Amino acid sequence: MPPRHHQPEALLTTLSTSRGRADRLTHTEHMAARPARYAPWPEGIRPEIVAAAGELGITEPWAHQAEAMELAQSGQTVVLATGTASGKSLGYLAPVLSELLSGTEARNGRGATALYLAPTKALAADQRRRASELAPGRVRAALYDGDTPFEEREWVRQYASYVLTNPDMLHRGILPAHPRWASFLKTLKYVVIDECHTYRGVFGSHVAQVLRRLRRLCARYGSSPTFLLASATTADPAVTARRLTGLPAVAVTEDASPRGPLVFALWEPPLTENVGEQGAPVRRTATAEAGYLLTDLVEQGTRTVVFVRSRRAAELVALQAQEQLGNPLASRVAAYRGGYLAEERRGLEQALHSGRLLGLASTSALELGVDVSGLDAVLMAGYPGTRASLWQQAGRAGREAQGALAVLIARDDPLDTYLVHHPEALFDTPVEATVLDPDNPHVLAPHLCAAAAELPLGAEDLTLFGPSAEPLLPVLEKRGLLRRRTDGSWYWTRRERAADAVDLRGSGGNPVQIVEGSTGRLLGTVDAAAAHTTVHTGAVHLHQGRTYLVQDLDLETSVALVEPADPPYTTSARDITSISVLSTDTTVEWGEARLCFGSVEVVNQVVGYLRKRISTGEVLGESKLDLPPRTLRTRAVWWSVTEDQLLDAVIPFDQLPGAAHAAEHASIGLLPLFATCDRWDIGGVSVPLHPDTGLPTVFVYDGHSGGAGFAERGFHGAEQWLTATREAIAACECERGCPSCVQSPKCGNGNDPLDKAAAVRLLDVLLAGAPGRQVSKDG
Ligand SMILES: [Zn+2]
Ligand SMILES: [Zn+2]
């Protein structure tokens, strides 16, 4: 049965006026439609490709696609940063496939090769399908990842002209074995880096170094490939592309694909009767609220996708809607569990497209696996972390001719609270830049070793690896990893493979393996740094959307034994943290207050954990743990105020710990808005009288050895960041602090003490001295 069509305004009115929900809608944004702009095919695109595109219904490319094609053909590093469903693949595939097609006319049939990198295997598989739709069979495209059978790998190395893989495989499988890839690398013309905004933080910094290793080997084989990057819309994509590849890049950002009008609503679930930590009120969860809204939308025949954080939440939303709808509509709602085969995903796409399926609840995994677009409505249960992913998710709604609805439902945390009350932070603010720091010596060191193992490192290589490279080499020599020969070059000295020493997605230390106890199956790994907090004995651990209970964490073997479980609670670790300043790089004075950026040492010990009921957030109990302290050297931003300022702010000494602690929590919650990190990537400490500063001081630090660039972002954007922090606290209507403002789900102290009102006064007195500040005394 065909879907019914609805005006998005009418839909929103129905949602917000029924069941006493009027005050939950905090903002409505109307976004105008955009017509398509086309451009002719650039000259060098082969007629076979143009013909194949024609078969797919594409007679002319959109202007941004054509622009990217031309830049690519001229050998320019280019990043195509446009919205969801704007045809980025065609933009890079047309020049790449044209080149490969011309290469088939070479004597050995492989005069040109290209490499495609995606963050996930599913995406690479999807891309191979797209390439085969556009290119005649003589362009040989092949996947090369951990699942490629060994007997096929040799064929790929010898014959494939378009190899689709991921950065991990490039790092571990291809670069260390480069002599076997010699003929492929020799003719390498293009490197495509898809979804390049996902390479951020420590992972992004690792990928940047892997690409430098690739460039170095290509140069030795006599090739100089052109890098083509595709990204969701981000700020400064050219800068990101340059940081990632080390090459000057041109950005194509003007999206010429058509878009229907979009109504975008911000929505805050109500406070409930339930109480959480320290007796604080709790809001209805974003997933429960999404379940209600999904029910109403499906009842009206609206094709809707709900984006949630975990598979479990996806199942809860779908189940709730099914129960509320009853038959026969219940059967038209489903949860997307991930891990589907390609044809199952296609089936799902079709069911949604035709309207046979009306409601789908999914983790954002959908973003990278299934091509659903042109929906009537998108619900987002919680801010997805960045404006870039917000627009990616919202972009699933809307077709050319008709309007669509997107709703962001706030979760119970300060960032979401801030956003639904400050629409300008979403709608009038450009999407964020991708933060990565390839010069982090902790990231660079293992790649220098890997590079030296691939080919001895000479002086001429050092500029490629950046300014941190030269001072690191003697350190690596001292550690017995590299040795300098008389010709001046550096060699890898060990028997083991240098590339095995680093996991691109980890951040140092032996990662802890998560093993299913009953089957012995390895489910995955977690960072050593995060293991104590996330997979301690007794922890409820979410892994790829599934829920497990940790039976035992063995630190000696770095193994966490888990069993699938479905407890009605989540766990959160309790810890003790101390911090000391190692060096201060930069200080700015805000009146009497000071803001600093520099290096710190954080000592953290997990001492126990709380169990909290999922549905309500209620605390069920606390257990003790016996784990050793861990030391982290990293980068931090910190600020301190004077005693006079405390007097001005009317904060007596007994209120100071609660004020500083509350300000710290909220600022950690808000930093992701300015630094494209997750709140779990950073940590904080507040100290009423810190020995190194002699003053009340709040620290926010990168949770990765050597730093990841997040605290630095906070330092440079401190005024906006801390102003937003103050606003988020003031905007929450709770009386004494709740998870929507100053409570933190990862607080090591059980959210005690926290003083919401004093935190606002403390931030006011701090910000009063900031350069561009007009203090607002209300709220
Ligand atoms: Zn609150
Ligand atoms: Zn805390």
# chains A, B, ... in the order shown; residues from 1 in each chain; ligands from 1

$ residues_near_ligand --ligand "ligand 1" --cutoff "8 Å" --atoms "only C-alpha atoms and all ligand atoms" --output "JSON list (two decimals) with N, CA, C and O atoms, in the first residue's frame"
[["chain", "number", "residue", "atom", "x", "y", "z"],
["A", 414, "PRO", "N", 23.43, 17.79, 29.97],
["A", 414, "PRO", "CA", 23.50, 19.24, 29.83],
["A", 414, "PRO", "C", 23.63, 19.70, 28.38],
["A", 414, "PRO", "O", 23.10, 20.76, 28.02],
["A", 729, "ILE", "N", 23.36, 25.33, 32.36],
["A", 729, "ILE", "CA", 22.97, 25.12, 33.76],
["A", 729, "ILE", "C", 21.76, 25.99, 34.09],
["A", 729, "ILE", "O", 20.79, 25.53, 34.69],
["A", 732, "CYS", "N", 18.14, 24.90, 32.76],
["A", 732, "CYS", "CA", 17.42, 23.72, 33.25],
["A", 732, "CYS", "C", 16.47, 24.12, 34.37],
["A", 732, "CYS", "O", 16.86, 24.83, 35.30],
["A", 733, "GLU", "N", 15.22, 23.64, 34.27],
["A", 733, "GLU", "CA", 14.23, 24.11, 35.24],
["A", 733, "GLU", "C", 14.25, 23.34, 36.56],
["A", 733, "GLU", "O", 13.48, 23.64, 37.45],
["A", 734, "CYS", "N", 15.12, 22.35, 36.68],
["A", 734, "CYS", "CA", 15.19, 21.61, 37.94],
["A", 734, "CYS", "C", 15.65, 22.56, 39.04],
["A", 734, "CYS", "O", 16.22, 23.61, 38.78],
["A", 735, "GLU", "N", 15.44, 22.14, 40.29],
["A", 735, "GLU", "CA", 15.72, 23.05, 41.37],
["A", 735, "GLU", "C", 17.19, 23.00, 41.80],
["A", 735, "GLU", "O", 17.85, 24.03, 41.91],
["A", 736, "ARG", "N", 17.66, 21.76, 42.04],
["A", 736, "ARG", "CA", 18.97, 21.67, 42.67],
["A", 736, "ARG", "C", 19.99, 20.87, 41.85],
["A", 736, "ARG", "O", 21.00, 20.42, 42.39],
["A", 737, "GLY", "N", 19.73, 20.71, 40.55],
["A", 737, "GLY", "CA", 20.70, 19.97, 39.74],
["A", 737, "GLY", "C", 20.17, 18.60, 39.38],
["A", 737, "GLY", "O", 19.62, 17.90, 40.22],
["A", 738, "CYS", "N", 20.33, 18.23, 38.11],
["A", 738, "CYS", "CA", 19.83, 16.94, 37.63],
["A", 738, "CYS", "C", 20.72, 16.52, 36.45],
["A", 738, "CYS", "O", 21.61, 17.27, 36.06],
["A", 739, "PRO", "N", 20.48, 15.34, 35.87],
["A", 739, "PRO", "CA", 21.35, 14.91, 34.76],
["A", 739, "PRO", "C", 21.27, 15.84, 33.55],
["A", 739, "PRO", "O", 22.18, 15.86, 32.73],
["A", 740, "SER", "N", 20.20, 16.61, 33.44],
["A", 740, "SER", "CA", 20.10, 17.53, 32.30],
["A", 740, "SER", "C", 21.00, 18.74, 32.45],
["A", 740, "SER", "O", 21.16, 19.50, 31.51],
["A", 741, "CYS", "N", 21.53, 18.96, 33.65],
["A", 741, "CYS", "CA", 22.39, 20.13, 33.79],
["A", 741, "CYS", "C", 23.74, 19.75, 34.41],
["A", 741, "CYS", "O", 24.73, 19.64, 33.71],
["A", 742, "VAL", "N", 23.79, 19.52, 35.71],
["A", 742, "VAL", "CA", 25.11, 19.40, 36.35],
["A", 742, "VAL", "C", 25.50, 17.98, 36.77],
["A", 742, "VAL", "O", 26.65, 17.74, 37.13],
["A", 743, "GLN", "N", 24.56, 17.04, 36.76],
["A", 743, "GLN", "CA", 24.96, 15.67, 37.10],
["A", 743, "GLN", "C", 25.62, 15.02, 35.89],
["A", 743, "GLN", "O", 25.28, 15.32, 34.75]]

$ select_by_dssp --residues "stretch 417-592 of chain A" --states "strand (DSSP E or B)" --output "ChimeraX atom specification"
/A:433,457,482-484,490-492,512-516,522-526,540-543,546-554,559-564,569-590

$ atom_distance --atom1 "atom CA of A:Ala68" --atom2 "atom CA of A:Val139"
21.4 Å

$ residues_near_ligand --ligand "ligand 2" --cutoff "12 Å" --atoms "only C-alpha atoms and all ligand atoms" --output "NGL selection string"
:A and (572-577 or 657-669 or 683-687 or 698-700 or 739 or 742-755)

$ closest_atom_pairs --of "stretch 388-449 of chain A" --to "stretch 477-497 of chain A" --cutoff "10 Å" --atoms "only C-alpha atoms" --output "CSV"
residue,atom,partner,partner_atom,distance
A:Pro446,CA,A:Leu481,CA,9.6
A:Leu448,CA,A:Leu482,CA,9.2
A:Cys449,CA,A:Trp492,CA,6.3

$ closest_residue --among "A:Thr386, A:Ser373, A:Ser231, A:Ser98" --to "A:Gly398" --atoms "only C-alpha atoms"
A:Ser373

$ residues_around --residues "A:Tyr159" --least-positions-apart "5" --cutoff "9 Å" --atoms "only C-alpha atoms" --output "PyMOL selection string"
chain A and resi 109-110+140+154+184

$ closest_residue --among "A:Gly524, A:Pro237, A:Pro8, A:Pro696" --to "A:Val435" --atoms "only C-alpha atoms"
A:Pro237

$ atom_distance --atom1 "atom CA of A:Glu60" --atom2 "atom CA of A:Thr84"
18.9 Å

$ atom_distance --atom1 "atom CA of A:His690" --atom2 "atom CA of A:Ser580"
8.6 Å

$ select_by_dssp --residues "stretch 343-527 of chain A" --states "helix (DSSP H, G or I)" --output "ChimeraX atom specification"
/A:343-354,366-369,387-394,414-421,424-427,441-454,459-461,469-478,498-501

$ closest_residue --among "A:Glu152, A:Glu424, A:Glu618, A:Asp585" --to "A:Val282" --atoms "only C-alpha atoms"
A:Glu618

$ closest_residue --among "A:Trp62, A:Phe674, A:Tyr221, A:Phe150" --to "A:Thr187" --atoms "only C-alpha atoms"
A:Tyr221

$ closest_residue --among "A:Leu646, A:Val252, A:Leu670, A:Val79" --to "A:His197" --atoms "only C-alpha atoms"
A:Val79

$ residues_around --residues "stretch 299-308 of chain A" --least-positions-apart "2" --cutoff "9 Å" --atoms "only C-alpha atoms" --output "number ranges by chain"
A: 3-6, 11, 286-287, 290-291, 294-297, 310-311, 313-314, 317, 325, 329, 352-353, 355, 357-364, 366, 375-382, 384, 393, 396-397

$ residues_around --residues "A:Val603" --least-positions-apart "4" --cutoff "8 Å" --atoms "only C-alpha atoms" --output "PyMOL selection string"
chain A and resi 577-579+629-632

$ write_last_selection --atoms "N, CA, C and O atoms" --output "compact mmCIF listing (two decimals), in the first residue's frame"
# COMPACT_ATOMS: atom_id res chain seq x y z
N THR A 577 40.26 10.65 41.49
CA THR A 577 41.20 11.21 40.53
C THR A 577 42.01 12.33 41.16
O THR A 577 41.45 13.18 41.85
N SER A 578 43.30 12.33 40.91
CA SER A 578 44.08 13.51 41.28
C SER A 578 44.86 13.96 40.05
O SER A 578 45.12 13.18 39.14
N ILE A 579 45.20 15.23 40.03
CA ILE A 579 45.84 15.77 38.83
C ILE A 579 46.96 16.71 39.24
O ILE A 579 46.85 17.41 40.25
N PRO A 629 45.64 1.95 40.74
CA PRO A 629 45.55 3.26 40.09
C PRO A 629 46.23 3.25 38.72
O PRO A 629 47.12 2.43 38.47
N ARG A 630 45.80 4.15 37.87
CA ARG A 630 46.40 4.28 36.53
C ARG A 630 46.86 5.72 36.34
O ARG A 630 46.20 6.64 36.78
N THR A 631 47.98 5.86 35.64
CA THR A 631 48.53 7.19 35.42
C THR A 631 48.43 7.56 33.94
O THR A 631 48.73 6.73 33.08
N LEU A 632 48.00 8.76 33.69
CA LEU A 632 47.85 9.24 32.32
C LEU A 632 48.54 10.59 32.20
O LEU A 632 48.27 11.50 32.98

$ residues_around --residues "A:Glu556" --least-positions-apart "6" --cutoff "12 Å" --atoms "only C-alpha atoms" --output "PyMOL selection string"
chain A and resi 510-513+528+627-628

$ closest_residue --among "A:Asp527, A:Glu133, A:Asp681, A:Asp412" --to "A:Tyr383" --atoms "only C-alpha atoms"
A:Asp412

$ residues_around --residues "A:Ala251" --least-positions-apart "5" --cutoff "9 Å" --atoms "only C-alpha atoms" --output "PyMOL selection string"
chain A and resi 68+77-81+236-239+241

$ write_last_selection --atoms "N, CA, C and O atoms" --output "tab-separated table (two decimals), in the first residue's frame"
chain	number	residue	atom	x	y	z
A	68	ALA	N	34.11	18.58	-8.45
A	68	ALA	CA	35.04	17.63	-7.83
A	68	ALA	C	35.74	16.78	-8.89
A	68	ALA	O	36.94	16.51	-8.81
A	77	THR	N	44.40	17.46	-4.71
A	77	THR	CA	43.75	16.83	-3.55
A	77	THR	C	42.45	17.58	-3.31
A	77	THR	O	42.45	18.80	-3.17
A	78	VAL	N	41.35	16.84	-3.28
A	78	VAL	CA	40.06	17.53	-3.16
A	78	VAL	C	39.20	16.83	-2.12
A	78	VAL	O	39.24	15.60	-1.98
A	79	VAL	N	38.47	17.62	-1.34
A	79	VAL	CA	37.54	17.04	-0.38
A	79	VAL	C	36.14	17.53	-0.73
A	79	VAL	O	35.89	18.72	-0.88
A	80	LEU	N	35.26	16.56	-0.94
A	80	LEU	CA	33.88	16.85	-1.30
A	80	LEU	C	33.06	16.75	-0.02
A	80	LEU	O	32.86	15.65	0.52
A	81	ALA	N	32.65	17.91	0.49
A	81	ALA	CA	31.96	17.93	1.79
A	81	ALA	C	30.57	18.50	1.61
A	81	ALA	O	30.32	19.68	1.80
A	236	ASP	N	35.69	23.88	7.83
A	236	ASP	CA	37.07	23.78	7.36
A	236	ASP	C	37.45	22.42	6.80
A	236	ASP	O	38.46	21.84	7.21
A	237	PRO	N	36.68	21.87	5.89
A	237	PRO	CA	37.05	20.54	5.38
A	237	PRO	C	38.43	20.53	4.73
A	237	PRO	O	39.15	19.53	4.81
A	238	ALA	N	38.83	21.65	4.13
A	238	ALA	CA	40.15	21.69	3.48
A	238	ALA	C	41.26	21.54	4.51
A	238	ALA	O	42.26	20.86	4.27
A	239	VAL	N	41.07	22.15	5.67
A	239	VAL	CA	42.07	22.04	6.74
A	239	VAL	C	42.15	20.60	7.24
A	239	VAL	O	43.24	20.03	7.39
A	241	ALA	N	41.34	17.91	5.62
A	241	ALA	CA	41.91	17.08	4.56
A	241	ALA	C	43.42	17.24	4.53
A	241	ALA	O	44.16	16.27	4.34
